[in-house]
$ cat input_6.pdb   # PDB, C-alpha atoms
ATOM      1  CA  MET O 264      19.579  -5.965 -34.187
ATOM      2  CA  PRO O 265      16.698  -5.167 -31.790
ATOM      3  CA  THR O 266      15.273  -8.019 -29.754
ATOM      4  CA  ALA O 267      11.754  -9.084 -30.728
ATOM      5  CA  ILE O 268       9.142  -8.462 -28.043
ATOM      6  CA  ASP O 269       6.913 -11.346 -27.029
ATOM      7  CA  PRO O 270       3.409 -10.539 -28.400
ATOM      8  CA  ALA O 271       1.874 -11.474 -25.023
ATOM      9  CA  VAL O 272       4.196  -9.045 -23.242
ATOM     10  CA  GLU O 273       3.439  -6.322 -25.779
ATOM     11  CA  LYS O 274      -0.282  -6.884 -25.311
ATOM     12  CA  ALA O 275       0.128  -6.685 -21.520
ATOM     13  CA  ALA O 276       2.069  -3.435 -21.908
ATOM     14  CA  ASP O 277      -0.651  -1.922 -24.102
ATOM     15  CA  GLU O 278      -3.298  -2.920 -21.566
ATOM     16  CA  PHE O 279      -1.267  -1.414 -18.735
ATOM     17  CA  ARG O 280      -0.891   1.921 -20.535
ATOM     18  CA  ARG O 281      -4.631   2.024 -21.074
ATOM     19  CA  LYS O 282      -5.348   1.186 -17.432
ATOM     20  CA  PHE O 283      -2.761   3.697 -16.198
ATOM     21  CA  LYS O 284      -4.449   6.495 -18.173
ATOM     22  CA  SER O 285      -7.870   5.440 -16.885
ATOM     23  CA  LEU O 286      -6.566   5.355 -13.319
ATOM     24  CA  ARG O 287      -5.055   8.815 -13.664
ATOM     25  CA  ASP O 288      -8.327  10.102 -15.119
ATOM     26  CA  GLU O 289     -10.335   8.673 -12.219
ATOM     27  CA  ILE O 290      -8.020  10.308  -9.682
ATOM     28  CA  GLY O 291      -8.292  13.547 -11.679
ATOM     29  CA  LYS O 292     -12.026  13.602 -10.965
ATOM     30  CA  ALA O 293     -11.203  14.389  -7.346
ATOM     31  CA  ILE O 294      -7.645  15.744  -7.305
ATOM     32  CA  VAL O 295      -7.011  19.054  -9.088
ATOM     33  CA  GLY O 296      -3.479  19.519 -10.437
ATOM     34  CA  HIS O 297      -0.466  17.939  -8.702
ATOM     35  CA  ASN O 298       0.095  15.768 -11.782
ATOM     36  CA  ASP O 299       3.720  15.060 -10.871
ATOM     37  CA  VAL O 300       2.687  13.864  -7.411
ATOM     38  CA  VAL O 301      -0.070  11.642  -8.808
ATOM     39  CA  ASP O 302       2.333  10.126 -11.350
ATOM     40  CA  GLY O 303       4.912   9.587  -8.611
ATOM     41  CA  VAL O 304       2.415   7.777  -6.383
ATOM     42  CA  LEU O 305       1.250   5.565  -9.250
ATOM     43  CA  THR O 306       4.828   4.844 -10.291
ATOM     44  CA  ALA O 307       5.686   3.657  -6.788
ATOM     45  CA  LEU O 308       2.561   1.503  -6.626
ATOM     46  CA  PHE O 309       3.322  -0.199  -9.938
ATOM     47  CA  VAL O 310       6.944  -0.974  -9.122
ATOM     48  CA  GLY O 311       6.218  -2.202  -5.592
ATOM     49  CA  GLY O 312       7.625   0.676  -3.514
ATOM     50  CA  HIS O 313       6.342   3.035  -0.834
ATOM     51  CA  VAL O 314       5.918   6.819  -0.905
ATOM     52  CA  LEU O 315       6.509   9.655   1.548
ATOM     53  CA  ILE O 316       4.571  12.840   0.728
ATOM     54  CA  GLU O 317       5.493  16.146   2.297
ATOM     55  CA  GLY O 318       3.386  19.276   2.170
ATOM     56  CA  VAL O 319       1.642  21.855   4.330
ATOM     57  CA  PRO O 320      -1.882  21.040   5.605
ATOM     58  CA  GLY O 321      -4.848  21.306   3.280
ATOM     59  CA  LEU O 322      -3.197  20.446  -0.053
ATOM     60  CA  GLY O 323      -5.059  17.169  -0.569
ATOM     61  CA  LYS O 324      -2.433  14.608   0.480
ATOM     62  CA  THR O 325      -4.877  12.430   2.408
ATOM     63  CA  TYR O 326      -7.602  12.895  -0.199
ATOM     64  CA  LEU O 327      -5.231  11.647  -2.892
ATOM     65  CA  VAL O 328      -4.681   8.327  -1.113
ATOM     66  CA  ARG O 329      -8.371   7.872  -0.419
ATOM     67  CA  THR O 330      -9.144   8.483  -4.067
ATOM     68  CA  LEU O 331      -6.445   6.033  -5.177
ATOM     69  CA  ALA O 332      -7.904   3.381  -2.866
ATOM     70  CA  GLN O 333     -11.309   3.878  -4.500
ATOM     71  CA  ALA O 334      -9.844   3.594  -8.002
ATOM     72  CA  VAL O 335      -8.255   0.204  -7.299
ATOM     73  CA  THR O 336      -9.974  -2.745  -5.669
ATOM     74  CA  LEU O 337      -7.650  -2.949  -2.681
ATOM     75  CA  LYS O 338      -8.366  -2.888   1.043
ATOM     76  CA  PHE O 339      -7.575   0.545   2.486
ATOM     77  CA  ASN O 340      -6.837   1.638   6.048
ATOM     78  CA  ARG O 341      -5.858   5.039   7.413
ATOM     79  CA  ILE O 342      -3.718   5.376  10.532
ATOM     80  CA  GLN O 343      -3.554   8.784  12.204
ATOM     81  CA  PHE O 344      -0.147   8.935  13.871
ATOM     82  CA  THR O 345      -0.071  10.674  17.253
ATOM     83  CA  PRO O 346       2.525  10.835  20.058
ATOM     84  CA  ASP O 347       0.582   8.321  22.183
ATOM     85  CA  LEU O 348       0.203   5.726  19.393
ATOM     86  CA  MET O 349       1.828   2.409  20.341
ATOM     87  CA  PRO O 350       3.231  -0.304  18.004
ATOM     88  CA  ALA O 351       0.426  -2.703  18.967
ATOM     89  CA  ASP O 352      -2.087  -0.064  17.862
ATOM     90  CA  ILE O 353      -0.968  -0.464  14.258
ATOM     91  CA  ILE O 354       0.313  -4.059  14.130
ATOM     92  CA  GLY O 355      -2.329  -5.720  16.270
ATOM     93  CA  THR O 356      -2.299  -7.625  19.529
ATOM     94  CA  THR O 357      -2.942 -11.068  20.971
ATOM     95  CA  ILE O 358      -6.187 -11.393  22.919
ATOM     96  CA  ILE O 359      -7.843 -14.189  24.904
ATOM     97  CA  SER O 360     -10.775 -15.728  23.066
ATOM     98  CA  GLU O 361     -13.322 -18.110  24.598
ATOM     99  CA  ASP O 362     -15.154 -20.776  22.604
ATOM    100  CA  PRO O 363     -18.893 -20.414  23.479
ATOM    101  CA  ALA O 364     -19.513 -24.131  22.942
ATOM    102  CA  THR O 365     -16.686 -25.590  25.012
ATOM    103  CA  GLY O 366     -15.707 -22.687  27.220
ATOM    104  CA  ARG O 367     -12.099 -23.295  26.265
ATOM    105  CA  ARG O 368      -9.916 -20.214  26.123
ATOM    106  CA  SER O 369      -7.093 -19.599  23.692
ATOM    107  CA  PHE O 370      -4.846 -16.798  22.505
ATOM    108  CA  VAL O 371      -5.893 -15.252  19.191
ATOM    109  CA  PHE O 372      -4.061 -12.589  17.224
ATOM    110  CA  GLN O 373      -6.257  -9.642  16.299
ATOM    111  CA  ASN O 374      -5.075  -7.793  13.198
ATOM    112  CA  GLY O 375      -4.281  -4.102  13.452
ATOM    113  CA  PRO O 376      -4.942  -1.477  10.757
ATOM    114  CA  LEU O 377      -1.600  -2.317   9.134
ATOM    115  CA  PHE O 378      -3.299  -5.404   7.705
ATOM    116  CA  ALA O 379      -4.496  -3.725   4.536
ATOM    117  CA  GLN O 380      -3.173  -3.387   0.987
ATOM    118  CA  ILE O 381      -3.068   0.401   0.868
ATOM    119  CA  VAL O 382      -2.093   1.979   4.181
ATOM    120  CA  LEU O 383      -2.121   5.716   4.761
ATOM    121  CA  ALA O 384       0.259   6.662   7.580
ATOM    122  CA  ASP O 385      -1.031  10.176   8.159
ATOM    123  CA  GLU O 386       1.407  12.645   9.772
ATOM    124  CA  ILE O 387       3.902   9.886  10.423
ATOM    125  CA  ASN O 388       6.393  12.261  12.058
ATOM    126  CA  ARG O 389       3.997  12.840  14.983
ATOM    127  CA  ALA O 390       4.507   9.296  16.318
ATOM    128  CA  THR O 391       7.413   8.243  18.524
ATOM    129  CA  PRO O 392      10.403   6.438  16.988
ATOM    130  CA  LYS O 393       9.241   3.203  18.657
ATOM    131  CA  THR O 394       5.974   3.300  16.730
ATOM    132  CA  GLN O 395       7.607   4.519  13.527
ATOM    133  CA  SER O 396       9.987   1.560  13.650
ATOM    134  CA  ALA O 397       7.024  -0.817  13.796
ATOM    135  CA  LEU O 398       6.506   0.023  10.132
ATOM    136  CA  LEU O 399      10.035  -1.035   9.152
ATOM    137  CA  GLU O 400       9.492  -4.786   8.906
ATOM    138  CA  ALA O 401       6.111  -4.316   7.251
ATOM    139  CA  MET O 402       7.519  -1.986   4.591
ATOM    140  CA  GLN O 403      10.595  -4.108   3.881
ATOM    141  CA  GLU O 404       9.384  -7.669   4.417
ATOM    142  CA  HIS O 405       5.631  -7.225   3.842
ATOM    143  CA  SER O 406       5.061  -9.054   7.113
ATOM    144  CA  VAL O 407       4.901  -8.354  10.846
ATOM    145  CA  THR O 408       6.128 -10.429  13.750
ATOM    146  CA  THR O 409       4.454 -10.451  17.151
ATOM    147  CA  GLY O 410       4.722 -12.954  19.963
ATOM    148  CA  GLY O 411       7.298 -14.880  17.954
ATOM    149  CA  THR O 412       4.817 -15.494  15.125
ATOM    150  CA  ARG O 413       5.246 -14.046  11.635
ATOM    151  CA  HIS O 414       2.115 -12.774   9.933
ATOM    152  CA  GLN O 415       2.223 -12.228   6.168
ATOM    153  CA  LEU O 416       0.543  -9.122   4.753
ATOM    154  CA  GLU O 417      -1.692  -9.377   1.725
ATOM    155  CA  GLU O 418      -0.155  -8.398  -1.616
ATOM    156  CA  PRO O 419       0.129  -5.883  -3.124
ATOM    157  CA  PHE O 420       1.119  -3.917  -0.026
ATOM    158  CA  PHE O 421       1.591  -0.171  -0.427
ATOM    159  CA  VAL O 422       2.378   2.363   2.309
ATOM    160  CA  MET O 423       1.913   6.045   1.667
ATOM    161  CA  ALA O 424       2.994   8.296   4.518
ATOM    162  CA  THR O 425       2.455  12.030   4.867
ATOM    163  CA  GLN O 426       4.340  14.549   6.943
ATOM    164  CA  ASN O 427       3.977  18.234   7.634
ATOM    165  CA  PRO O 428       7.131  20.347   7.063
ATOM    166  CA  ILE O 429       5.907  23.010   9.496
ATOM    167  CA  GLU O 430       4.808  22.764  13.136
ATOM    168  CA  GLN O 431       7.885  20.753  14.077
ATOM    169  CA  GLU O 432       7.239  21.161  17.813
ATOM    170  CA  GLY O 433       6.172  17.835  19.270
ATOM    171  CA  THR O 434       7.206  15.817  16.216
ATOM    172  CA  TYR O 435       9.816  13.120  15.759
ATOM    173  CA  PRO O 436      11.856  13.294  12.526
ATOM    174  CA  LEU O 437      11.931   9.989  10.679
ATOM    175  CA  PRO O 438      15.176   8.043  11.197
ATOM    176  CA  GLU O 439      17.375   7.636   8.127
ATOM    177  CA  ALA O 440      16.816   3.859   8.089
ATOM    178  CA  GLN O 441      13.082   4.348   7.663
ATOM    179  CA  LEU O 442      13.407   7.184   5.157
ATOM    180  CA  ASP O 443      15.577   4.913   3.009
ATOM    181  CA  ARG O 444      12.758   2.387   2.796
ATOM    182  CA  PHE O 445      10.551   4.816   0.907
ATOM    183  CA  LEU O 446      11.009   4.480  -2.839
ATOM    184  CA  PHE O 447      10.099   8.142  -3.438
ATOM    185  CA  LYS O 448       9.702  11.329  -1.474
ATOM    186  CA  LEU O 449       7.229  13.637  -3.218
ATOM    187  CA  ILE O 450       6.678  17.320  -2.469
ATOM    188  CA  VAL O 451       3.163  18.780  -2.721
ATOM    189  CA  ASN O 452       3.327  22.469  -3.594
ATOM    190  CA  TYR O 453       0.619  25.135  -3.563
ATOM    191  CA  SER O 454      -2.041  25.111  -6.267
ATOM    192  CA  SER O 455      -2.073  27.669  -9.075
ATOM    193  CA  ARG O 456      -4.744  30.341  -9.474
ATOM    194  CA  GLU O 457      -6.675  28.302 -12.054
ATOM    195  CA  GLU O 458      -6.402  25.137  -9.958
ATOM    196  CA  MET O 459      -7.625  26.994  -6.881
ATOM    197  CA  LYS O 460     -10.708  28.166  -8.799
ATOM    198  CA  THR O 461     -11.473  24.587  -9.879
ATOM    199  CA  ILE O 462     -11.030  23.356  -6.309
ATOM    200  CA  LEU O 463     -13.477  25.971  -5.011
ATOM    201  CA  ASP O 464     -15.987  25.206  -7.760
ATOM    202  CA  ARG O 465     -15.875  21.526  -6.814
ATOM    203  CA  THR O 466     -15.841  21.789  -3.040
ATOM    204  CA  THR O 467     -18.305  24.618  -2.400
ATOM    205  CA  THR O 468     -21.128  23.621  -4.761
ATOM    206  CA  GLY O 469     -22.052  20.130  -3.543
ATOM    207  CA  PHE O 470     -19.907  18.396  -6.178
ATOM    208  CA  SER O 471     -19.210  14.759  -5.265
ATOM    209  CA  PRO O 472     -17.129  12.745  -7.760
ATOM    210  CA  THR O 473     -17.890   9.092  -8.379
ATOM    211  CA  ILE O 474     -14.649   7.124  -8.573
ATOM    212  CA  LYS O 475     -14.875   3.864 -10.513
ATOM    213  CA  PRO O 476     -12.500   0.968  -9.776
ATOM    214  CA  VAL O 477     -10.023   0.524 -12.620
ATOM    215  CA  MET O 478      -7.542  -2.160 -11.539
ATOM    216  CA  THR O 479      -7.448  -5.199  -9.295
ATOM    217  CA  GLY O 480      -4.674  -6.343  -6.986
ATOM    218  CA  ASP O 481      -3.708  -9.172  -9.351
ATOM    219  CA  GLU O 482      -3.373  -6.711 -12.231
ATOM    220  CA  ILE O 483      -1.109  -4.498 -10.126
ATOM    221  CA  LEU O 484       1.076  -7.482  -9.185
ATOM    222  CA  GLY O 485       1.247  -8.437 -12.857
ATOM    223  CA  THR O 486       2.387  -4.925 -13.753
ATOM    224  CA  GLN O 487       5.119  -5.059 -11.099
ATOM    225  CA  GLN O 488       6.527  -8.127 -12.862
ATOM    226  CA  LEU O 489       6.060  -6.559 -16.307
ATOM    227  CA  VAL O 490       8.114  -3.497 -15.318
ATOM    228  CA  ARG O 491      11.043  -5.731 -14.405
ATOM    229  CA  ARG O 492      11.121  -7.117 -17.954
ATOM    230  CA  VAL O 493      11.975  -3.695 -19.379
ATOM    231  CA  ILE O 494      15.635  -3.541 -20.443
ATOM    232  CA  MET O 495      18.161  -1.033 -19.143
ATOM    233  CA  ALA O 496      21.271  -0.866 -21.298
ATOM    234  CA  PRO O 497      24.648  -1.097 -19.491
ATOM    235  CA  HIS O 498      25.589   2.525 -20.262
ATOM    236  CA  VAL O 499      22.222   3.775 -18.926
ATOM    237  CA  GLN O 500      22.586   1.649 -15.808
ATOM    238  CA  ASP O 501      26.108   2.979 -15.337
ATOM    239  CA  TYR O 502      24.753   6.527 -15.505
ATOM    240  CA  ALA O 503      22.294   5.750 -12.691
ATOM    241  CA  ILE O 504      25.125   4.268 -10.629
ATOM    242  CA  ARG O 505      27.369   7.290 -11.203
ATOM    243  CA  LEU O 506      24.547   9.664 -10.257
ATOM    244  CA  ALA O 507      24.252   7.852  -6.933
ATOM    245  CA  MET O 508      28.012   7.723  -6.365
ATOM    246  CA  ALA O 509      28.263  11.427  -7.199
ATOM    247  CA  SER O 510      26.381  12.075  -3.948
ATOM    248  CA  HIS O 511      29.183  10.489  -1.869
ATOM    249  CA  PRO O 512      31.499  13.247  -0.562
ATOM    250  CA  GLY O 513      35.135  12.484  -1.245
ATOM    251  CA  GLY O 514      34.222   9.709  -3.669
ATOM    252  CA  PRO O 515      35.621   9.252  -7.196
ATOM    253  CA  TYR O 516      32.515  10.747  -8.843
ATOM    254  CA  ALA O 517      31.755  13.464  -6.289
ATOM    255  CA  VAL O 518      31.164  16.907  -7.777
ATOM    256  CA  GLU O 519      31.984  20.264  -6.210
ATOM    257  CA  ALA O 520      28.510  20.675  -4.679
ATOM    258  CA  THR O 521      28.760  17.229  -3.080
ATOM    259  CA  ASN O 522      32.071  17.871  -1.357
ATOM    260  CA  LYS O 523      30.917  21.286  -0.203
ATOM    261  CA  TYR O 524      27.403  20.584   1.080
ATOM    262  CA  VAL O 525      26.818  16.830   1.571
ATOM    263  CA  ARG O 526      27.521  14.868   4.758
ATOM    264  CA  TRP O 527      26.135  11.482   3.668
ATOM    265  CA  GLY O 528      25.193  10.288   0.193
ATOM    266  CA  VAL O 529      22.603   7.806  -1.001
ATOM    267  CA  SER O 530      22.443   4.043  -0.494
ATOM    268  CA  PRO O 531      22.057   1.321  -3.162
ATOM    269  CA  ARG O 532      18.278   1.594  -2.676
ATOM    270  CA  ALA O 533      18.470   4.935  -4.512
ATOM    271  CA  VAL O 534      19.825   3.195  -7.621
ATOM    272  CA  GLN O 535      17.089   0.578  -7.342
ATOM    273  CA  ALA O 536      14.484   3.347  -7.191
ATOM    274  CA  LEU O 537      16.057   5.129 -10.180
ATOM    275  CA  THR O 538      16.112   1.899 -12.179
ATOM    276  CA  LEU O 539      12.583   0.730 -11.464
ATOM    277  CA  GLY O 540      11.082   4.204 -11.871
ATOM    278  CA  ALA O 541      12.907   4.686 -15.183
ATOM    279  CA  LYS O 542      11.693   1.305 -16.442
ATOM    280  CA  LEU O 543       8.082   2.173 -15.682
ATOM    281  CA  HIS O 544       8.339   5.515 -17.488
ATOM    282  CA  ALA O 545       9.828   3.724 -20.486
ATOM    283  CA  LEU O 546       6.873   1.345 -20.465
ATOM    284  CA  LEU O 547       4.439   4.271 -20.367
ATOM    285  CA  ASP O 548       6.275   5.757 -23.352
ATOM    286  CA  ASP O 549       5.724   2.538 -25.336
ATOM    287  CA  ARG O 550       9.352   1.449 -25.031
ATOM    288  CA  PHE O 551      10.965  -1.669 -23.568
ATOM    289  CA  ASN O 552      14.315   0.010 -22.915
ATOM    290  CA  ALA O 553      14.918   2.684 -20.276
ATOM    291  CA  SER O 554      16.728   5.867 -21.311
ATOM    292  CA  PHE O 555      18.600   8.748 -19.675
ATOM    293  CA  SER O 556      15.465  10.894 -19.817
ATOM    294  CA  ASP O 557      13.523   8.237 -17.901
ATOM    295  CA  ILE O 558      16.098   8.419 -15.116
ATOM    296  CA  HIS O 559      15.815  12.209 -15.023
ATOM    297  CA  LYS O 560      12.033  11.947 -14.476
ATOM    298  CA  VAL O 561      12.436  10.059 -11.188
ATOM    299  CA  TYR O 562      15.818  11.418 -10.075
ATOM    300  CA  LEU O 563      14.744  13.966  -7.451
ATOM    301  CA  ALA O 564      11.969  11.794  -6.009
ATOM    302  CA  SER O 565      14.383   8.869  -5.635
ATOM    303  CA  MET O 566      17.262  10.811  -4.090
ATOM    304  CA  ARG O 567      16.028  13.794  -2.038
ATOM    305  CA  HIS O 568      15.234  11.857   1.153
ATOM    306  CA  ARG O 569      18.482   9.902   1.083
ATOM    307  CA  VAL O 570      20.982  12.777   1.045
ATOM    308  CA  LEU O 571      22.019  14.462   4.288
ATOM    309  CA  LEU O 572      23.464  17.959   4.114
ATOM    310  CA  ASN O 573      26.386  19.005   6.286
ATOM    311  CA  PHE O 574      26.556  22.043   8.549
ATOM    312  CA  GLU O 575      27.706  24.339   5.740
ATOM    313  CA  GLY O 576      24.795  23.347   3.539
ATOM    314  CA  GLU O 577      22.273  23.929   6.311
ATOM    315  CA  ALA O 578      23.907  27.213   7.361
ATOM    316  CA  GLU O 579      23.779  28.580   3.819
ATOM    317  CA  GLY O 580      20.155  27.521   3.446
ATOM    318  CA  VAL O 581      20.869  25.264   0.488
ATOM    319  CA  SER O 582      18.091  22.767  -0.216
ATOM    320  CA  THR O 583      18.702  19.108  -0.976
ATOM    321  CA  ASP O 584      16.986  19.499  -4.348
ATOM    322  CA  GLU O 585      19.376  22.312  -5.304
ATOM    323  CA  VAL O 586      22.386  20.141  -4.509
ATOM    324  CA  LEU O 587      20.929  17.195  -6.421
ATOM    325  CA  LYS O 588      20.275  19.348  -9.490
ATOM    326  CA  LYS O 589      23.903  20.486  -9.422
ATOM    327  CA  ILE O 590      24.994  16.849  -9.176
ATOM    328  CA  MET O 591      22.869  15.888 -12.171
ATOM    329  CA  ASP O 592      24.061  18.884 -14.211
ATOM    330  CA  SER O 593      27.697  18.012 -13.441
ATOM    331  CA  THR O 594      27.453  14.258 -14.103
ATOM    332  CA  PRO O 595      27.853  13.327 -17.784
ATOM    333  CA  THR O 596      25.554  10.714 -19.238
ATOM    334  CA  MET O 597      28.280   8.715 -20.940
ATOM    335  CA  ALA O 598      31.048   7.080 -18.936
ATOM    336  CA  GLU O 599      33.681   8.038 -21.538
ATOM    337  CA  ALA O 600      33.078  11.708 -20.788
ATOM    338  CA  ALA O 601      33.755  11.065 -17.115
ATOM    339  CA  ALA O 602      37.103   9.406 -17.769
TER
END

$ encode --input "input_6.pdb" --output "structure tokens"
Amino acid sequence: MPTAIDPAVEKAADEFRRKFKSLRDEIGKAIVGHNDVVDGVLTALFVGGHVLIEGVPGLGKTYLVRTLAQAVTLKFNRIQFTPDLMPADIIGTTIISEDPATGRRSFVFQNGPLFAQIVLADEINRATPKTQSALLEAMQEHSVTTGGTRHQLEEPFFVMATQNPIEQEGTYPLPEAQLDRFLFKLIVNYSSREEMKTILDRTTTGFSPTIKPVMTGDEILGTQQLVRRVIMAPHVQDYAIRLAMASHPGGPYAVEATNKYVRWGVSPRAVQALTLGAKLHALLDDRFNASFSDIHKVYLASMRHRVLLNFEGEAEGVSTDEVLKKIMDSTPTMAEAAA
């Protein structure tokens, strides 16, 4: 017998679906196409994760984050990552401050641009590993520590980083530990012919969209808690677990493509991303139970940055997405079929 849904929870879910559609519409005033990327960014925001976006220059990655910041009433900062950027440049630093009245001097911490609620880390792979690692504590703990003092960041805290897949000279690939802290990795592809026409019509005629704020920070935090109340049945959860374990070469659920092309599989964070993303898609579909199809919608975004290919995979030019699709096609939904 199905469990009755609390009327207050059902009302909150209805309100969220309405706000989600309004938010997507506001972003659509400025961003043409890329619906999957927009949905992925919003999904990560509403489940409390961070996003890495990869795409060649000029596809609107930075514009997307700016537009999102306008559509929600959250403080926004953009950090342009460069090779000479130091950790203190993003975290902040301690300075000497003098009281005009007494002349007494004291040390005062001055916040860096990381002290915002939406942070755009633009071209993150251009900064040195030392500076990249300065983001680790902030992304995981939502706080930074400097001079032995811990400074809490304001909630909700959302990091969206971009990187350019070309022009690799002078860049520093993100370490696996930092990649794993991104909930999703989204790929921005080229626009279609019709989308290109719309972009030109908007950007070469003086068109300037007015983005209206749709949601507050408290509403976003409330949604993050609402998502966690969505149910995932044991057999659906087991499917998510087996999908992750199927990426481990030599493991009990590894498929042929895994053993042939994969060097390292995903961590437990991949299953967390699959679960939370699936729950949010269930909520958007007016359901309080996540399904197999919900998992499929967030599968590639949750997994692609957590799988490392071996030499054979790289030599044959196989992409991570191709391997992951073979894993999903070869992993049955029901555990009985895998026995």

$ closest_residue --input "input_6.pdb" --among "O:Ser454, O:Asn573, O:Ser406, O:Ser593" --to "Tyr524 in chain O" --atoms "all atoms listed in the file"
O:Asn573

$ residues_around --input "input_6.pdb" --residues "Leu398 in chain O" --least-positions-apart "3" --cutoff "9 Å" --atoms "all atoms listed in the file" --output "list of chain:residue names"
O:Pro350, O:Ile353, O:Ile354, O:Leu377, O:Thr394, O:Gln395, O:Ala401, O:Met402, O:Gln403, O:Val407, O:Gln441

$ resolve_selection --input "input_6.pdb" --expression "the PyMOL selection byres ((chain O and resi 442-444) around 9)" --output "JSON, numbers by chain"
{"O": [312, 313, 314, 315, 399, 402, 403, 437, 438, 439, 440, 441, 445, 446, 447, 448, 529, 530, 532, 533, 568, 569]}

$ resolve_selection --input "input_6.pdb" --expression "the PyMOL selection byres ((chain O and resi 589) around 12)" --output "ChimeraX atom specification"
/O:506,509-510,517-525,563,581-588,590-595

$ residues_around --input "input_6.pdb" --residues "Thr330 in chain O" --least-positions-apart "6" --cutoff "12 Å" --atoms "only C-alpha atoms" --output "list in words"
Leu286, Arg287, Asp288, Glu289, Ile290, Gly291, Lys292, Ala293, Ile294, Val295, Val301, Val304, Leu305, Gly323, Lys324, Thr336, Leu337, Phe339, Ile381, Leu383, Ser471, Pro472, Thr473, Ile474, Lys475, Pro476 and Val477 of chain O

$ resolve_selection --input "input_6.pdb" --expression "the PyMOL selection byres ((chain O and resi 561) around 10)" --output "list in words"
Gly303, Thr306, Phe447, Ala536, Leu537, Thr538, Leu539, Gly540, Ala541, His544, Ser556, Asp557, Ile558, His559, Lys560, Tyr562, Leu563, Ala564, Ser565 and Met566 of chain O

$ closest_residue --input "input_6.pdb" --among "O:Thr596, O:Ser554, O:Gln487, O:Thr434" --to "Phe309 in chain O" --atoms "all atoms listed in the file"
O:Gln487

$ closest_residue --input "input_6.pdb" --among "O:Met423, O:Leu416, O:Leu546, O:Met597" --to "His498 in chain O" --atoms "only C-alpha atoms"
O:Met597

$ residues_around --input "input_6.pdb" --residues "Pro346 in chain O" --least-positions-apart "6" --cutoff "8 Å" --atoms "only C-alpha atoms" --output "PyMOL selection string"
chain O and resi 389-391+433-434

$ write_last_selection --input "input_6.pdb" --atoms "C-alpha atoms" --output "PDB file, keeping the file's coordinate frame"
ATOM      1  CA  ARG O 389       3.997  12.840  14.983  1.00  0.00           C
ATOM      2  CA  ALA O 390       4.507   9.296  16.318  1.00  0.00           C
ATOM      3  CA  THR O 391       7.413   8.243  18.524  1.00  0.00           C
ATOM      4  CA  GLY O 433       6.172  17.835  19.270  1.00  0.00           C
ATOM      5  CA  THR O 434       7.206  15.817  16.216  1.00  0.00           C
TER       6      THR O 434
END

$ atom_distance --input "input_6.pdb" --atom1 "CA of Gly411 in chain O" --atom2 "CA of Asp352 in chain O"
17.5 Å

$ closest_residue --input "input_6.pdb" --among "O:Leu571, O:Met495, O:Met459, O:Ala334" --to "Lys282 in chain O" --atoms "only C-alpha atoms"
O:Ala334

$ closest_residue --input "input_6.pdb" --among "O:Asn388, O:Gln380, O:Thr467, O:Thr461" --to "Ile429 in chain O" --atoms "all atoms listed in the file"
O:Asn388

$ atom_distance --input "input_6.pdb" --atom1 "CA of Lys274 in chain O" --atom2 "CA of Ala496 in chain O"
22.7 Å

$ closest_residue --input "input_6.pdb" --among "O:Ala332, O:Ala275, O:Ala507, O:Ala424" --to "Phe344 in chain O" --atoms "only C-alpha atoms"
O:Ala424

$ residues_near_point --input "input_6.pdb" --point "(-5.4, -5.6, 14.1)" --cutoff "6 Å" --atoms "all atoms listed in the file" --output "ChimeraX atom specification"
/O:354-355,373-376

$ residues_around --input "input_6.pdb" --residues "Ala379 in chain O" --least-positions-apart "4" --cutoff "7 Å" --atoms "only C-alpha atoms" --output "list in words"
Lys338, Phe339, Asn340 and Glu417 of chain O

$ atom_distance --input "input_6.pdb" --atom1 "CA of Ile483 in chain O" --atom2 "CA of Ala553 in chain O"
20.3 Å

$ decode --input "input_6.pdb" --residues "range 348-356 of chain O" --atoms "N, CA and C atoms" --output "PDB file, in the first residue's frame"
ATOM      1  N   LEU O 348      47.799  33.166 -10.024  1.00  0.00           N
ATOM      2  CA  LEU O 348      46.822  33.326  -8.945  1.00  0.00           C
ATOM      3  C   LEU O 348      47.264  32.517  -7.727  1.00  0.00           C
ATOM      4  N   MET O 349      47.266  33.139  -6.557  1.00  0.00           N
ATOM      5  CA  MET O 349      47.690  32.493  -5.326  1.00  0.00           C
ATOM      6  C   MET O 349      46.472  32.141  -4.464  1.00  0.00           C
ATOM      7  N   PRO O 350      46.610  31.156  -3.550  1.00  0.00           N
ATOM      8  CA  PRO O 350      45.479  30.785  -2.684  1.00  0.00           C
ATOM      9  C   PRO O 350      44.877  31.966  -1.936  1.00  0.00           C
ATOM     10  N   ALA O 351      45.734  32.863  -1.428  1.00  0.00           N
ATOM     11  CA  ALA O 351      45.220  34.023  -0.685  1.00  0.00           C
ATOM     12  C   ALA O 351      44.383  34.938  -1.562  1.00  0.00           C
ATOM     13  N   ASP O 352      44.613  34.885  -2.881  1.00  0.00           N
ATOM     14  CA  ASP O 352      43.845  35.728  -3.799  1.00  0.00           C
ATOM     15  C   ASP O 352      42.386  35.312  -3.871  1.00  0.00           C
ATOM     16  N   ILE O 353      42.089  34.065  -3.550  1.00  0.00           N
ATOM     17  CA  ILE O 353      40.700  33.613  -3.606  1.00  0.00           C
ATOM     18  C   ILE O 353      40.105  33.427  -2.214  1.00  0.00           C
ATOM     19  N   ILE O 354      40.922  33.032  -1.243  1.00  0.00           N
ATOM     20  CA  ILE O 354      40.410  32.808   0.115  1.00  0.00           C
ATOM     21  C   ILE O 354      40.311  34.122   0.878  1.00  0.00           C
ATOM     22  N   GLY O 355      41.329  34.946   0.760  1.00  0.00           N
ATOM     23  CA  GLY O 355      41.421  36.164   1.541  1.00  0.00           C
ATOM     24  C   GLY O 355      42.724  36.178   2.311  1.00  0.00           C
ATOM     25  N   THR O 356      42.968  37.253   3.020  1.00  0.00           N
ATOM     26  CA  THR O 356      44.226  37.373   3.760  1.00  0.00           C
ATOM     27  C   THR O 356      44.016  38.208   5.007  1.00  0.00           C
TER      28      THR O 356
END
